[in-house]
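Okay, structure first, notes after.
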Amino acid sequence: MTLDLLEIDSIKFGFEDLDVIDGLSMKIKSGEVQALLGPNGVGKTVFNRLLSLIIQPESGEIRWDGKVVSPIANGKNVEIIRKIGYLWQHPIFISSNLWKNIEYPLLLRDMPKEKRKAMVDKQIKEFRLEEFQYKKPFQLSIGTLQRAALARTLITNPQLVILDEPAASLDMATIKWLEQYIRDYSKEFKPVIIWTTHDQFQARRVAKTVNILMDGTVESGDIDILAEQGSQKVKNYLQGKLVA
């Protein structure tokens with residue numbers, strides 16, 4: 001099953017009396033990078049977890065090419081989950097070396113040993129990690145770990161890629177490399193890609209469409225058009241004003 005169109009239809013999610021996501025709807029086509037923007041605390045991480053099927057909406061639906069993938073009872077969407085790559089802002093690594101960390105998603109999928117080795121070696125070379133592959137995570141820089149985390153995220157060739165602040169704490173050279181890599185990856189493999197960022201300039205560089213999350217829902221479109229024609233809150237946010 002490939003993913004050409006991701007649809008989010010009127011989803012809601014909250015905690016007790018707080019509605020974090022409130023009737024949010026949007027459509028995302030494959031083959032383009034879309035950015036998710038919004039002030040701290042508006043629910044971007046909750047939104048990403050809903051998309052990754054880690055949590056389910058209280059109401060509404062998430063559909064892949066018209067097929068409902070959330071909410072689904074009894075964990076019957078495991079095969080869909082395995083087609084999602086989620087790069088967390090602060091990735092978690094197992095205590096083994098970097099090579100084993102990148103291999104881990106393939107182990108979970110019971111992939112044969114020789115195929116695993118070929119795929120991991122390819123990622124190690126692709127992401128320029130040869131000199132670090134047998135070191136443990138605590139021995140490595142944040143930039144190296146982020147490259148390794150991206151290599152691990154993409155090793156299964158996911159159909160939906162969720163990048164949660166992937167450039168946070170990176171130096172300028174690594175950020176430039178990361179942005180170009182994702183643009184090239186999008187053109188070659190054509191997955192659905194959501195890039196969460198606080199950086200409006202980065203959103204302009206990597207995404208055709210931006211989605212501004214405010215008050216539990218989104219306003220989507222070209223960032224320059226939203227800056228002129230969006231709601232007052234969105235215009236204030238894009239102008240660098242404090243919003244609440």
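Chains: A, B, ... in order of the structure tokens. Residues: from 1 per chain. Ligands: from 1, in order shown.
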Could you list, with a cut-off of 12 Å and counting only C-alpha atoms, the residues of stretch 135-168 of chain A near stretch 61-82 of chain A, each shown with its nearest atom pair and the distance in Å rounded to one decimal, rows sorted by chain and ascending number, as a Markdown table?
```
| residue | atom | partner | partner_atom | distance |
| --- | --- | --- | --- | --- |
| A:Thr153 | CA | A:Arg82 | CA | 10.9 |
| A:Leu154 | CA | A:Arg82 | CA | 11.5 |
| A:Ile155 | CA | A:Arg82 | CA | 11.5 |
| A:Thr156 | CA | A:Arg82 | CA | 8.3 |
| A:Asn157 | CA | A:Arg82 | CA | 10.0 |
| A:Pro158 | CA | A:Arg82 | CA | 7.7 |
| A:Gln159 | CA | A:Ile80 | CA | 9.2 |
| A:Leu160 | CA | A:Ile81 | CA | 9.3 |
| A:Val161 | CA | A:Ile81 | CA | 11.2 |
```
Could you turn the residues from that selection into a file that holds N, CA and C atoms, as a PDB file, in the first residue's frame?
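Full text of result_36.pdb as output:
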```
ATOM      1  N   THR A 153      15.494   6.476  10.873  1.00  0.00           N
ATOM      2  CA  THR A 153      14.106   6.791  10.542  1.00  0.00           C
ATOM      3  C   THR A 153      13.768   6.421   9.105  1.00  0.00           C
ATOM      4  N   LEU A 154      14.715   6.646   8.195  1.00  0.00           N
ATOM      5  CA  LEU A 154      14.435   6.473   6.768  1.00  0.00           C
ATOM      6  C   LEU A 154      14.842   5.111   6.227  1.00  0.00           C
ATOM      7  N   ILE A 155      15.453   4.270   7.045  1.00  0.00           N
ATOM      8  CA  ILE A 155      15.991   3.005   6.527  1.00  0.00           C
ATOM      9  C   ILE A 155      14.909   2.076   5.999  1.00  0.00           C
ATOM     10  N   THR A 156      13.694   2.202   6.506  1.00  0.00           N
ATOM     11  CA  THR A 156      12.592   1.346   6.042  1.00  0.00           C
ATOM     12  C   THR A 156      11.837   1.969   4.878  1.00  0.00           C
ATOM     13  N   ASN A 157      12.330   3.091   4.346  1.00  0.00           N
ATOM     14  CA  ASN A 157      11.678   3.794   3.251  1.00  0.00           C
ATOM     15  C   ASN A 157      10.209   4.075   3.587  1.00  0.00           C
ATOM     16  N   PRO A 158       9.949   4.814   4.656  1.00  0.00           N
ATOM     17  CA  PRO A 158       8.570   5.026   5.106  1.00  0.00           C
ATOM     18  C   PRO A 158       7.753   5.849   4.114  1.00  0.00           C
ATOM     19  N   GLN A 159       6.443   5.637   4.158  1.00  0.00           N
ATOM     20  CA  GLN A 159       5.543   6.367   3.270  1.00  0.00           C
ATOM     21  C   GLN A 159       5.074   7.676   3.902  1.00  0.00           C
ATOM     22  N   LEU A 160       5.128   7.751   5.224  1.00  0.00           N
ATOM     23  CA  LEU A 160       4.862   8.988   5.948  1.00  0.00           C
ATOM     24  C   LEU A 160       6.075   9.276   6.823  1.00  0.00           C
ATOM     25  N   VAL A 161       6.673  10.466   6.655  1.00  0.00           N
ATOM     26  CA  VAL A 161       7.848  10.861   7.423  1.00  0.00           C
ATOM     27  C   VAL A 161       7.476  12.072   8.275  1.00  0.00           C
TER      28      VAL A 161
END
```
Among stretch 8-233 of chain A, which ones does DSSP assign to strand (DSSP E or B) (computed from the backbone)? Answer as a PyMOL selection string. chain A and resi 8-15+18-29+32-37+59-64+67-70+84-87+160-164+192-196+209-214+217-221
Could you check which of A:Arg152, A:Lys83, A:Arg205, A:Lys176 is closest to A:Tyr104, using only C-alpha atoms? A:Arg152
Write out as a ChimeraX atom specification which residues come within 8 Å of A:Asp215 when counting only C-alpha atoms, dropping same-chain ones fewer than 6 positions away. /A:20-22,42
Please produce a file of the residues just selected, as a compact mmCIF listing (two decimals), in the first residue's frame, where the atoms kept are C-alpha atoms.
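That gives us result.txt:
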```
# COMPACT_ATOMS: atom_id res chain seq x y z
CA VAL A 20 -5.49 20.60 22.31
CA ILE A 21 -6.65 19.61 18.82
CA ASP A 22 -10.17 20.82 18.09
CA VAL A 42 -0.17 24.78 20.91
```
Let me make sure I understand: among A:Ala118, A:Met26, A:Ile54, A:Ala151, which one has the smallest atom-to-atom distance to A:Leu98 if we use only C-alpha atoms?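 Smallest separation from A:Leu98 among the options: A:Ala151.
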Polymer residues at most 12 Å from A:Gln202, only C-alpha atoms, same-chain spacing of 3 or more positions, as a VMD selection string: chain A and resid 33 to 37 165 to 168 172 175 to 176 178 to 180 195 to 199 205 to 208 210 223
Could you give me, as a VMD selection string, each residue of stretch 26-172 of chain A that DSSP assigns to helix (DSSP H, G or I) when run on this structure's backbone? chain A and resid 44 to 51 73 to 75 78 to 81 98 to 108 113 to 126 130 to 132 137 to 139 142 to 154 172
Contacts of A:Pro91 at 10 Å or less, counting only C-alpha atoms, minus same-chain residues fewer than 5 places along, as a list in words?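 The residues satisfying every condition are Tyr86, Leu145, Gln146, Ala148, Ala149, Leu150, Asp164 and Pro166 of chain A.
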Quick one: pull the distance between atom CA of A:Leu213 and atom CA of A:Val234, Å, one decimal.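 Answer for the atom CA of A:Leu213 to atom CA of A:Val234 separation: 8.7 Å.
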Could you work out how far atom CA of A:Gly38 lies from atom CA of A:Gly14, giving the answer in Å with one decimal? 17.3 Å
